[in-house]
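Peer 1: If you scroll down you'll find the structure; I have some questions about it.
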Amino acid sequence: MKFLFFISTAIVFSYGHAEEVKLSEQMLTEMSLTSNPNLDQIEATFLDSKIKAEELKDKFGFEAYSGYNYLNTNERATISFIPIFRNINQYQIGVRKYTKYGMVLDANTSVDARWGDSNNTNFDQVTTTTYEVGLQMDLWKDFLGRMTKSQFDNLQDLKKKDELQASISKAAFVTNTRKLFWNLIGNEEKIKITQRLTKKAEQQAADARRRKANSVSDTAEVARFESLVHQRKGSLINLKYEREMLLKSLRDTFPQLAGKEVVLAPYNKDKILFDILACSAKINEEKNVPYKTTSYDEVISLLRSVQTRQTQIDETYDDVDLQLNLKLRQVGVASDTDDGGSTYTGSYADSLEDIADNNRSGMEAGIALTIPFGEDKKATKTVKEAYTEKSFLANINMMDAKVRSTHQQTQKSVKLLSELMKEQKANSRQLAIRVKEMKRKYNQARIPEYALIQDEDSLLQSDLSVVDIQLLVIGTMLDYFGVFHEYPCAFNRMVK
């Protein structure tokens, strides 16, 4: 038993000394953009398209290649005058360049050194050196790189699009965290209102007990006020539970707040509401959608460009392939004899000298044509074209509709909510006057207790409704800034 008491005491002691964090809206905004685990997922989406763009760009770079072959054989010639090369060493080194214009450029040099014999003739390091320049060119589907360049430009635009959408996602996340913060503010305001009326209910219950002691009231009246106290305390506990759920969402989003006591930093609600109304008035003056304050228009423009190019690429899916291969070469052969033809010798240096002294140039040209047959590729082409059209149009129309509807609906919604908040505040003022008068009448025993309680409950619900409407106005404005995240407004505190 003592052990359990020690543990519970330690837990209470630890909780009481938890580190306190005073949470402000600016602090939460900065945390959203610096220490938010969701940023990794947002960045990963952007990096995926960046990797694809860089991978395609890498294909257009230079690449070096080399090779070596060695052959050794003891076979004998079936015909005496055909030479058998028993040892062959072959070397090659070159460089290749792929371009986005449908061409592949190649330059290489190779050396072939052979040892062998034939009909009493010996060959000692007979060497052939070749310098070669090649060109491979697409003459139809990717002529002058029309398809490759489109693929390259598409990936570049998709990278820009994902970069913009990453910033949009960050703005949306900031908006959601600010909503969470203001929900905490609203909860705090509701708790204050409910605490005030709970305290008043406790005073009324105490007065009722005193009146009963003086034989002015009865047990039923006391019970009614005692019931009201429990009702208000229940509402207060429910609000505190809602606060804990909001804090749980906050800690789930920002793990660094786990184990810390989160309290709200001082805030000026009236100043915030003034800023919001000023922003809404400015938005209402916008005759056209302020595209310059959002990145969605740039994303839409990029998607349209990508769609146009992708459609052109899809159209070539079942086209013929026509390839040109062209090679130009210079060859040097080192195979000299000093003894009338019984021994031929050579060397790499001699083969280079032969290139300089003798014209052994050559050219090789060829065309390869591939023609697809059957209906399979045509059917696939049709599906690809339909997919491209529908997927891009769906994204473009959805984004454009979101931008337009957000602006138009915000103009209408904030105006209506502002009018509603004005009426609700007026209602609370009038109810406050009525409650004050009803309390006076109750003290004079002119009205029953339930009439006073009914009016007090009406005032409580009216005050809570004012807070709910204020949260709706704030949430609507934050949703607007989630789309128009560069809108110049005091309440739009997006960190650039």
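Naming scheme: A, B, ... for chains in displayed order of the structure tokens; residues 1 onward per chain; ligands 1 onward as shown.
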Taking only region 131-376 of chain A into account, list the residues labelled strand (DSSP E) by DSSP (computed from the backbone), as number ranges by chain.
Peer 2: A: 131-138, 261-264, 321-334, 343-345, 362-370
Peer 1: Store the residues of this selection in a file with N, CA and C atoms, as a tab-separated table (two decimals), in the first residue's frame.
Peer 2:
```tsv
chain	number	residue	atom	x	y	z
A	131	TYR	N	40.34	4.81	-85.99
A	131	TYR	CA	39.67	5.97	-85.40
A	131	TYR	C	38.30	6.06	-86.05
A	132	GLU	N	37.25	6.17	-85.20
A	132	GLU	CA	35.90	6.14	-85.75
A	132	GLU	C	35.02	7.20	-85.11
A	133	VAL	N	34.23	7.87	-85.96
A	133	VAL	CA	33.23	8.83	-85.51
A	133	VAL	C	31.88	8.37	-86.04
A	134	GLY	N	30.88	8.29	-85.13
A	134	GLY	CA	29.58	7.78	-85.54
A	134	GLY	C	28.44	8.72	-85.19
A	135	LEU	N	27.37	8.60	-85.95
A	135	LEU	CA	26.15	9.37	-85.69
A	135	LEU	C	24.95	8.45	-85.87
A	136	GLN	N	24.10	8.42	-84.83
A	136	GLN	CA	22.83	7.70	-84.93
A	136	GLN	C	21.71	8.72	-84.80
A	137	MET	N	20.79	8.71	-85.75
A	137	MET	CA	19.77	9.76	-85.81
A	137	MET	C	18.41	9.17	-86.12
A	138	ASP	N	17.41	9.65	-85.36
A	138	ASP	CA	16.02	9.25	-85.63
A	138	ASP	C	15.47	10.14	-86.73
A	261	GLU	N	3.28	20.78	-20.67
A	261	GLU	CA	2.02	21.44	-20.33
A	261	GLU	C	1.84	22.63	-21.28
A	262	VAL	N	0.84	22.54	-22.14
A	262	VAL	CA	0.60	23.58	-23.15
A	262	VAL	C	-0.43	24.56	-22.61
A	263	VAL	N	-0.04	25.82	-22.56
A	263	VAL	CA	-0.96	26.90	-22.18
A	263	VAL	C	-0.95	27.94	-23.29
A	264	LEU	N	-2.04	28.65	-23.43
A	264	LEU	CA	-2.14	29.66	-24.48
A	264	LEU	C	-1.47	30.95	-24.05
A	321	ASP	N	9.43	3.47	-86.91
A	321	ASP	CA	10.77	3.87	-86.46
A	321	ASP	C	11.69	3.85	-87.66
A	322	LEU	N	12.35	4.96	-87.91
A	322	LEU	CA	13.30	5.07	-89.02
A	322	LEU	C	14.60	5.64	-88.47
A	323	GLN	N	15.65	4.81	-88.47
A	323	GLN	CA	16.92	5.17	-87.87
A	323	GLN	C	18.01	5.25	-88.92
A	324	LEU	N	18.84	6.30	-88.84
A	324	LEU	CA	20.02	6.44	-89.69
A	324	LEU	C	21.26	6.17	-88.84
A	325	ASN	N	22.15	5.29	-89.33
A	325	ASN	CA	23.42	5.03	-88.68
A	325	ASN	C	24.53	5.40	-89.65
A	326	LEU	N	25.40	6.28	-89.24
A	326	LEU	CA	26.50	6.76	-90.09
A	326	LEU	C	27.81	6.69	-89.31
A	327	LYS	N	28.84	6.10	-89.96
A	327	LYS	CA	30.14	5.99	-89.32
A	327	LYS	C	31.23	6.40	-90.32
A	328	LEU	N	32.17	7.19	-89.85
A	328	LEU	CA	33.36	7.57	-90.63
A	328	LEU	C	34.57	7.09	-89.87
A	329	ARG	N	35.53	6.49	-90.59
A	329	ARG	CA	36.68	5.92	-89.90
A	329	ARG	C	37.97	6.13	-90.67
A	330	GLN	N	39.06	6.14	-89.91
A	330	GLN	CA	40.43	6.13	-90.45
A	330	GLN	C	41.12	4.90	-89.87
A	331	VAL	N	41.79	4.14	-90.77
A	331	VAL	CA	42.41	2.88	-90.36
A	331	VAL	C	43.90	2.92	-90.67
A	332	GLY	N	44.68	2.45	-89.75
A	332	GLY	CA	46.13	2.29	-89.96
A	332	GLY	C	46.53	0.86	-89.69
A	333	VAL	N	47.30	0.27	-90.64
A	333	VAL	CA	47.71	-1.13	-90.53
A	333	VAL	C	49.23	-1.21	-90.48
A	334	ALA	N	49.77	-1.92	-89.52
A	334	ALA	CA	51.21	-2.13	-89.38
A	334	ALA	C	51.50	-3.60	-89.64
A	343	THR	N	58.21	-13.36	-92.60
A	343	THR	CA	57.81	-12.81	-91.29
A	343	THR	C	57.27	-11.40	-91.48
A	344	TYR	N	56.07	-11.18	-90.94
A	344	TYR	CA	55.45	-9.84	-90.96
A	344	TYR	C	55.35	-9.35	-89.52
A	345	THR	N	55.84	-8.15	-89.32
A	345	THR	CA	55.85	-7.58	-87.97
A	345	THR	C	55.14	-6.23	-88.00
A	362	GLY	N	37.24	5.29	-94.48
A	362	GLY	CA	36.08	4.53	-94.90
A	362	GLY	C	34.80	5.13	-94.33
A	363	MET	N	33.70	4.75	-94.89
A	363	MET	CA	32.40	5.24	-94.44
A	363	MET	C	31.41	4.08	-94.42
A	364	GLU	N	30.54	4.12	-93.41
A	364	GLU	CA	29.49	3.11	-93.31
A	364	GLU	C	28.18	3.83	-93.03
A	365	ALA	N	27.17	3.54	-93.83
A	365	ALA	CA	25.87	4.19	-93.65
A	365	ALA	C	24.78	3.13	-93.77
A	366	GLY	N	23.76	3.30	-92.95
A	366	GLY	CA	22.65	2.34	-92.99
A	366	GLY	C	21.38	2.94	-92.46
A	367	ILE	N	20.27	2.44	-92.93
A	367	ILE	CA	18.96	2.89	-92.47
A	367	ILE	C	18.18	1.67	-92.00
A	368	ALA	N	17.59	1.79	-90.83
A	368	ALA	CA	16.79	0.71	-90.27
A	368	ALA	C	15.35	1.19	-90.12
A	369	LEU	N	14.42	0.45	-90.67
A	369	LEU	CA	13.00	0.80	-90.64
A	369	LEU	C	12.23	-0.28	-89.90
A	370	THR	N	11.42	0.17	-88.91
A	370	THR	CA	10.56	-0.74	-88.17
A	370	THR	C	9.12	-0.27	-88.30
```
Peer 1: Among region 37-279 of chain A, which ones does DSSP place in helix (DSSP H, G or I), written as number ranges by chain?
Peer 2: A: 38-59, 143-213, 219-253, 255-257, 269-279
Peer 1: Name the residues in contact with Ala201 (chain A) at a cut-off of 7 Å, using only C-alpha atoms, excluding same-chain residues fewer than 3 positions from it; report them as a PyMOL selection string.
Peer 2: chain A and resi 197-198+204-205+225+228-229
Peer 1: Okay, now the selection with N, CA and C atoms, as a PDB file, in the first residue's frame?
Peer 2:
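File produced: out.pdb:
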```pdb
ATOM      1  N   LEU A 197     -20.846  31.588 -15.533  1.00  0.00           N
ATOM      2  CA  LEU A 197     -22.236  31.240 -15.219  1.00  0.00           C
ATOM      3  C   LEU A 197     -22.325  30.113 -14.188  1.00  0.00           C
ATOM      4  N   THR A 198     -21.311  29.242 -14.127  1.00  0.00           N
ATOM      5  CA  THR A 198     -21.287  28.204 -13.084  1.00  0.00           C
ATOM      6  C   THR A 198     -21.121  28.840 -11.705  1.00  0.00           C
ATOM      7  N   GLN A 204     -26.376  31.382  -6.667  1.00  0.00           N
ATOM      8  CA  GLN A 204     -27.825  31.283  -6.607  1.00  0.00           C
ATOM      9  C   GLN A 204     -28.272  30.109  -5.736  1.00  0.00           C
ATOM     10  N   ALA A 205     -27.537  28.987  -5.831  1.00  0.00           N
ATOM     11  CA  ALA A 205     -27.866  27.825  -4.999  1.00  0.00           C
ATOM     12  C   ALA A 205     -27.658  28.149  -3.520  1.00  0.00           C
ATOM     13  N   PHE A 225     -31.893  24.869  -8.242  1.00  0.00           N
ATOM     14  CA  PHE A 225     -30.622  25.591  -8.370  1.00  0.00           C
ATOM     15  C   PHE A 225     -29.425  24.655  -8.204  1.00  0.00           C
ATOM     16  N   LEU A 228     -28.989  23.034 -11.402  1.00  0.00           N
ATOM     17  CA  LEU A 228     -28.351  23.946 -12.368  1.00  0.00           C
ATOM     18  C   LEU A 228     -26.830  23.962 -12.189  1.00  0.00           C
ATOM     19  N   VAL A 229     -26.377  23.912 -10.923  1.00  0.00           N
ATOM     20  CA  VAL A 229     -24.932  23.884 -10.665  1.00  0.00           C
ATOM     21  C   VAL A 229     -24.304  22.654 -11.309  1.00  0.00           C
TER      22      VAL A 229
END
```
Peer 1: Using Å and a single decimal, report how far CA of Ala349 (chain A) sits from CA of Asn119 (chain A).
Peer 2: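 Interatomic distance here is 27.3 Å.
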Peer 1: Would you work out the distance separating CA of Gln92 (chain A) from CA of Asn108 (chain A), expressed in Å to one decimal?
Peer 2: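 Between these atoms lies a distance of 7.1 Å.
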Peer 1: Identify, on the basis of only C-alpha atoms, every residue whose closest approach to Gly102 (chain A) does not exceed 7 Å; exclude the query and any residue fewer than 5 positions from it along the same chain; express the result as a list of chain:residue names.
Peer 2: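 Listing them by chain and then by number gives A:Met137, A:Asp138, A:Asp142, A:Phe143, A:Leu144, A:Gly145, A:Thr148.
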Peer 1: At most 10 Å is the cut-off: for each residue in region 356-408 of chain A with any atom that close to an atom of region 282-302 of chain A, write down the nearest atom pair and the distance in Å rounded to one decimal, counting only C-alpha atoms, chain first then increasing number, as a Markdown table.
Peer 2:
```
| residue | atom | partner | partner_atom | distance |
| --- | --- | --- | --- | --- |
| A:Phe392 | CA | A:Ile300 | CA | 9.5 |
| A:Leu393 | CA | A:Ile300 | CA | 9.8 |
| A:Asn395 | CA | A:Ile300 | CA | 8.2 |
| A:Ile396 | CA | A:Ile300 | CA | 5.6 |
| A:Asn397 | CA | A:Ile300 | CA | 8.7 |
| A:Met398 | CA | A:Ile300 | CA | 9.8 |
| A:Met399 | CA | A:Tyr296 | CA | 6.8 |
| A:Asp400 | CA | A:Ile300 | CA | 7.4 |
| A:Lys402 | CA | A:Tyr296 | CA | 9.2 |
| A:Val403 | CA | A:Tyr296 | CA | 7.4 |
| A:Arg404 | CA | A:Val289 | CA | 6.5 |
| A:Ser405 | CA | A:Val289 | CA | 9.5 |
| A:Thr406 | CA | A:Val289 | CA | 9.4 |
| A:His407 | CA | A:Val289 | CA | 6.4 |
| A:Gln408 | CA | A:Val289 | CA | 8.1 |
```
Peer 1: Go ahead and write the selection's residues with N, CA and C atoms as a PDB file, in the first residue's frame.
Peer 2:
```pdb
ATOM      1  N   PHE A 392      -5.623  14.969 -67.073  1.00  0.00           N
ATOM      2  CA  PHE A 392      -5.169  16.358 -66.990  1.00  0.00           C
ATOM      3  C   PHE A 392      -6.351  17.309 -66.870  1.00  0.00           C
ATOM      4  N   LEU A 393      -7.397  17.087 -67.663  1.00  0.00           N
ATOM      5  CA  LEU A 393      -8.560  17.970 -67.591  1.00  0.00           C
ATOM      6  C   LEU A 393      -9.212  17.910 -66.215  1.00  0.00           C
ATOM      7  N   ASN A 395      -7.721  17.356 -63.285  1.00  0.00           N
ATOM      8  CA  ASN A 395      -6.913  18.139 -62.355  1.00  0.00           C
ATOM      9  C   ASN A 395      -7.051  19.635 -62.608  1.00  0.00           C
ATOM     10  N   ILE A 396      -7.000  20.009 -63.893  1.00  0.00           N
ATOM     11  CA  ILE A 396      -7.077  21.427 -64.250  1.00  0.00           C
ATOM     12  C   ILE A 396      -8.429  22.004 -63.841  1.00  0.00           C
ATOM     13  N   ASN A 397      -9.507  21.320 -64.198  1.00  0.00           N
ATOM     14  CA  ASN A 397     -10.856  21.823 -63.873  1.00  0.00           C
ATOM     15  C   ASN A 397     -11.088  21.866 -62.369  1.00  0.00           C
ATOM     16  N   MET A 398     -10.571  20.857 -61.661  1.00  0.00           N
ATOM     17  CA  MET A 398     -10.758  20.810 -60.209  1.00  0.00           C
ATOM     18  C   MET A 398     -10.046  21.989 -59.539  1.00  0.00           C
ATOM     19  N   MET A 399      -8.810  22.255 -59.970  1.00  0.00           N
ATOM     20  CA  MET A 399      -8.052  23.362 -59.376  1.00  0.00           C
ATOM     21  C   MET A 399      -8.680  24.707 -59.720  1.00  0.00           C
ATOM     22  N   ASP A 400      -9.073  24.873 -60.977  1.00  0.00           N
ATOM     23  CA  ASP A 400      -9.668  26.135 -61.390  1.00  0.00           C
ATOM     24  C   ASP A 400     -10.975  26.378 -60.646  1.00  0.00           C
ATOM     25  N   LYS A 402     -11.771  25.171 -57.726  1.00  0.00           N
ATOM     26  CA  LYS A 402     -11.450  25.433 -56.316  1.00  0.00           C
ATOM     27  C   LYS A 402     -11.071  26.889 -56.109  1.00  0.00           C
ATOM     28  N   VAL A 403     -10.263  27.434 -57.005  1.00  0.00           N
ATOM     29  CA  VAL A 403      -9.834  28.828 -56.874  1.00  0.00           C
ATOM     30  C   VAL A 403     -11.034  29.762 -57.006  1.00  0.00           C
ATOM     31  N   ARG A 404     -11.844  29.540 -58.033  1.00  0.00           N
ATOM     32  CA  ARG A 404     -12.991  30.418 -58.274  1.00  0.00           C
ATOM     33  C   ARG A 404     -14.028  30.321 -57.146  1.00  0.00           C
ATOM     34  N   SER A 405     -14.370  29.084 -56.774  1.00  0.00           N
ATOM     35  CA  SER A 405     -15.409  28.906 -55.760  1.00  0.00           C
ATOM     36  C   SER A 405     -14.949  29.417 -54.400  1.00  0.00           C
ATOM     37  N   THR A 406     -13.672  29.223 -54.073  1.00  0.00           N
ATOM     38  CA  THR A 406     -13.166  29.710 -52.783  1.00  0.00           C
ATOM     39  C   THR A 406     -13.312  31.217 -52.689  1.00  0.00           C
ATOM     40  N   HIS A 407     -12.952  31.913 -53.760  1.00  0.00           N
ATOM     41  CA  HIS A 407     -13.052  33.378 -53.733  1.00  0.00           C
ATOM     42  C   HIS A 407     -14.509  33.823 -53.658  1.00  0.00           C
ATOM     43  N   GLN A 408     -15.349  33.254 -54.509  1.00  0.00           N
ATOM     44  CA  GLN A 408     -16.746  33.676 -54.562  1.00  0.00           C
ATOM     45  C   GLN A 408     -17.491  33.323 -53.280  1.00  0.00           C
TER      46      GLN A 408
END
```
Peer 1: Need to verify the contact set: Asn72 (chain A), 10 Å, only C-alpha atoms, exclusion of same-chain residues closer than 5 positions in sequence. Can you return it as a list in words?
Peer 2: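 Once the nearby chain positions are removed, what remains is Phe85, Arg86, Asn87, Ile88, Asn89 and Trp115 of chain A.
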Peer 1: Can you write out the residues you just picked, keeping C-alpha atoms, as a short mmCIF file (atom, residue, chain, number, x, y, z; two decimals), in the first residue's frame?
Peer 2:
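selection-v3.cif written:
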```
data_model
loop_
_atom_site.label_atom_id
_atom_site.label_comp_id
_atom_site.auth_asym_id
_atom_site.auth_seq_id
_atom_site.Cartn_x
_atom_site.Cartn_y
_atom_site.Cartn_z
CA PHE A 85 45.98 -16.10 -85.55
CA ARG A 86 46.76 -17.90 -82.35
CA ASN A 87 46.87 -14.79 -80.12
CA ILE A 88 44.64 -11.76 -80.55
CA ASN A 89 44.50 -8.69 -78.30
CA TRP A 115 50.15 -13.17 -83.66
#
```
Peer 1: Grab the CA of Phe484 (chain A) to CA of Gln470 (chain A) distance for me, in Å with one decimal place.
Peer 2: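 Between CA of Phe484 (chain A) and CA of Gln470 (chain A) the gap is 20.9 Å.
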Peer 1: Out of A:Ile185, A:Ala213, A:Ala171, A:Ala53, which residue has the shortest atom-to-atom distance to Tyr487 (chain A) when counting only C-alpha atoms?
Peer 2: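 Looking at the shortest contact to Tyr487 (chain A), the residue is A:Ala171.
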Peer 1: Identify which of the residues A:Met103, A:Asn187, A:Asp314, A:Ser462 lies closest to Lys384 (chain A), counting only C-alpha atoms when measuring atom-to-atom distances.
Peer 2: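 Looking at the shortest contact to Lys384 (chain A), the residue is A:Asp314.
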Peer 1: Counting only C-alpha atoms, what is within 7 Å of region 432-441 of chain A, bar same-chain residues fewer than 5 positions away, as a ChimeraX atom specification?
Peer 2: /A:446-447,452,455-456,459
Peer 1: In terms of the shortest atom-to-atom distance over only C-alpha atoms, which of A:Thr337, A:Ser235, A:Asn154, A:Gln454 is closest to Lys192 (chain A)?
Peer 2: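 Of the candidates, the smallest distance to Lys192 (chain A) is held by A:Ser235.
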Peer 1: Select, from A:Val320, A:Cys489, A:Leu184, A:Ala223, the residue with the minimum atom-to-atom distance to Ser249 (chain A), counting only C-alpha atoms.
Peer 2: A:Leu184
